[in-house]
Amino acid sequence: MTRVSIGSRRTRLVIEAPTETPDGAGGAVVTWVDAGSCWARVRPYGGREAENRDQLAGEVGLEVTLRWRDDIGPRNRFRIGDRIIAISSAVDPDGRRRVLVCRCTETQI
């Protein structure tokens with residue numbers, strides 16, 4: 001595994017978790033609440049065009065590397081200002097609980 005220096009983790013991320021509220025019609029409304037924040041290294045690794053709600057949108061693949069946490073997974077998402085970053089996977093690359101590497105997607109309309 002490539003070591004990630006603490007100085008390269010220079011992006012402040014807000015961690016968001018979903019909460020569901022009944023909508024009165026048998027479904028639920030999902031809202032996102034802050035679940036903490038952290039410093040991370042954010043690097044793009046690819047992109048593609050995709051359709052999103054009948055619009056052409058760009059999807060950027062991001063690798064987010066942060067200090068180990070056991071409360072982050074695909075159910076969560078990151079926010080950087082107005083940018084929303086969906087987590088696809090969260091992996092401990094060497095099994096030593098030092099680093100968490102998240103593969104993420106940011107959709108740009």
# chains A, B, ... in the order shown; residues from 1 in each chain; ligands from 1
call {"tool": "residues_around", "arguments": {"residues": "Trp68 of chain A", "least_positions_apart": "3", "cutoff": "8 Å", "atoms": "only C-alpha atoms", "output": "list in words"}}
result
Asp92, Arg97, Arg98, Val99 and Leu100 of chain A
call {"tool": "residues_around", "arguments": {"residues": "Val64 of chain A", "least_positions_apart": "6", "cutoff": "7 Å", "atoms": "only C-alpha atoms", "output": "VMD selection string"}}
result
chain A and resid 40 to 43 101 to 103
call {"tool": "write_last_selection", "arguments": {"atoms": "C-alpha atoms", "output": "short mmCIF file (atom, residue, chain, number, x, y, z; two decimals), in the first residue's frame"}}
result
data_model
loop_
_atom_site.label_atom_id
_atom_site.label_comp_id
_atom_site.auth_asym_id
_atom_site.auth_seq_id
_atom_site.Cartn_x
_atom_site.Cartn_y
_atom_site.Cartn_z
CA ALA A 40 -9.00 13.66 3.48
CA ARG A 41 -7.04 13.40 0.26
CA VAL A 42 -9.40 13.63 -2.73
CA ARG A 43 -8.07 12.49 -6.11
CA VAL A 101 -10.02 4.37 1.03
CA CYS A 102 -13.41 5.26 -0.44
CA ARG A 103 -14.30 5.01 -4.12
#
call {"tool": "closest_residue", "arguments": {"among": "A:Val33, A:Val60, A:Ala25, A:Ala50", "to": "Phe78 of chain A", "atoms": "only C-alpha atoms"}}
result
A:Val33
call {"tool": "atom_distance", "arguments": {"atom1": "atom CA of Leu56 of chain A", "atom2": "atom CA of Pro18 of chain A"}}
result
26.4 Å
call {"tool": "closest_residue", "arguments": {"among": "A:Val30, A:Thr107, A:Thr11, A:Glu16", "to": "Pro74 of chain A", "atoms": "only C-alpha atoms"}}
result
A:Glu16
call {"tool": "residues_around", "arguments": {"residues": "Asp71 of chain A", "least_positions_apart": "5", "cutoff": "10 Å", "atoms": "only C-alpha atoms", "output": "PyMOL selection string"}}
result
chain A and resi 15+17+35+76
call {"tool": "atom_distance", "arguments": {"atom1": "atom CA of Val14 of chain A", "atom2": "atom CA of Gly81 of chain A"}}
result
8.5 Å
call {"tool": "select_by_dssp", "arguments": {"residues": "chain A", "states": "strand (DSSP E)", "output": "ChimeraX atom specification"}}
result
/A:11-22,28-52,55-67,77-80,83-91,99-108
call {"tool": "write_last_selection", "arguments": {"atoms": "C-alpha atoms", "output": "compact mmCIF listing (two decimals), in the first residue's frame"}}
result
# COMPACT_ATOMS: atom_id res chain seq x y z
CA THR A 11 -9.64 18.70 1.97
CA ARG A 12 -12.19 19.12 4.74
CA LEU A 13 -15.19 16.83 4.18
CA VAL A 14 -18.55 16.78 5.92
CA ILE A 15 -19.84 13.24 6.46
CA GLU A 16 -23.59 12.94 5.95
CA ALA A 17 -25.93 10.13 6.99
CA PRO A 18 -29.48 9.53 5.72
CA THR A 19 -32.53 9.76 7.94
CA GLU A 20 -35.96 8.60 6.85
CA THR A 21 -39.18 10.31 7.86
CA PRO A 22 -42.57 8.75 7.06
CA ALA A 28 -40.47 7.80 3.42
CA VAL A 29 -38.67 11.06 2.74
CA VAL A 30 -34.89 10.82 2.95
CA THR A 31 -33.02 13.79 4.37
CA TRP A 32 -29.30 14.06 5.01
CA VAL A 33 -27.84 15.15 8.36
CA ASP A 34 -24.28 15.96 9.33
CA ALA A 35 -22.58 12.99 10.99
CA GLY A 36 -19.17 14.57 11.50
CA SER A 37 -16.26 15.88 9.49
CA CYS A 38 -12.75 14.82 8.58
CA TRP A 39 -9.67 15.75 6.59
CA ALA A 40 -9.00 13.66 3.48
CA ARG A 41 -7.04 13.40 0.26
CA VAL A 42 -9.40 13.63 -2.73
CA ARG A 43 -8.07 12.49 -6.11
CA PRO A 44 -9.95 12.06 -9.37
CA TYR A 45 -9.41 8.73 -11.14
CA GLY A 46 -11.74 8.92 -14.12
CA GLY A 47 -14.94 10.25 -15.53
CA ARG A 48 -17.70 9.61 -18.02
CA GLU A 49 -20.87 11.07 -19.44
CA ALA A 50 -24.18 9.69 -18.20
CA GLU A 51 -27.87 10.52 -18.38
CA ASN A 52 -29.38 11.85 -15.20
CA GLN A 55 -30.14 15.36 -18.95
CA LEU A 56 -26.59 14.70 -19.99
CA ALA A 57 -24.40 14.82 -16.90
CA GLY A 58 -20.76 14.21 -16.13
CA GLU A 59 -19.71 11.65 -13.54
CA VAL A 60 -16.30 12.00 -11.96
CA GLY A 61 -14.76 9.08 -10.10
CA LEU A 62 -12.97 10.15 -6.92
CA GLU A 63 -10.70 8.28 -4.53
CA VAL A 64 -11.06 9.68 -1.02
CA THR A 65 -8.40 8.62 1.49
CA LEU A 66 -8.86 9.41 5.16
CA ARG A 67 -7.90 8.16 8.58
CA ARG A 77 -22.00 10.49 1.51
CA PHE A 78 -19.47 13.32 1.66
CA ARG A 79 -20.06 17.02 1.10
CA ILE A 80 -17.48 19.63 0.17
CA ARG A 83 -20.49 19.39 -3.94
CA ILE A 84 -22.16 16.07 -3.09
CA ILE A 85 -19.99 12.94 -3.30
CA ALA A 86 -21.68 9.53 -3.18
CA ILE A 87 -19.66 6.69 -1.63
CA SER A 88 -19.59 3.49 -3.71
CA SER A 89 -17.22 1.49 -1.47
CA ALA A 90 -15.10 1.93 1.64
CA VAL A 91 -12.08 -0.36 2.09
CA VAL A 99 -6.45 4.20 6.48
CA LEU A 100 -9.87 4.08 4.82
CA VAL A 101 -10.02 4.37 1.03
CA CYS A 102 -13.41 5.26 -0.44
CA ARG A 103 -14.30 5.01 -4.12
CA CYS A 104 -16.81 7.74 -4.81
CA THR A 105 -18.80 9.39 -7.60
CA GLU A 106 -19.65 13.03 -8.06
CA THR A 107 -22.35 13.84 -10.61
CA GLN A 108 -22.09 17.19 -12.33
call {"tool": "atom_distance", "arguments": {"atom1": "atom CA of Gly24 of chain A", "atom2": "atom CA of Arg53 of chain A"}}
result
25.6 Å
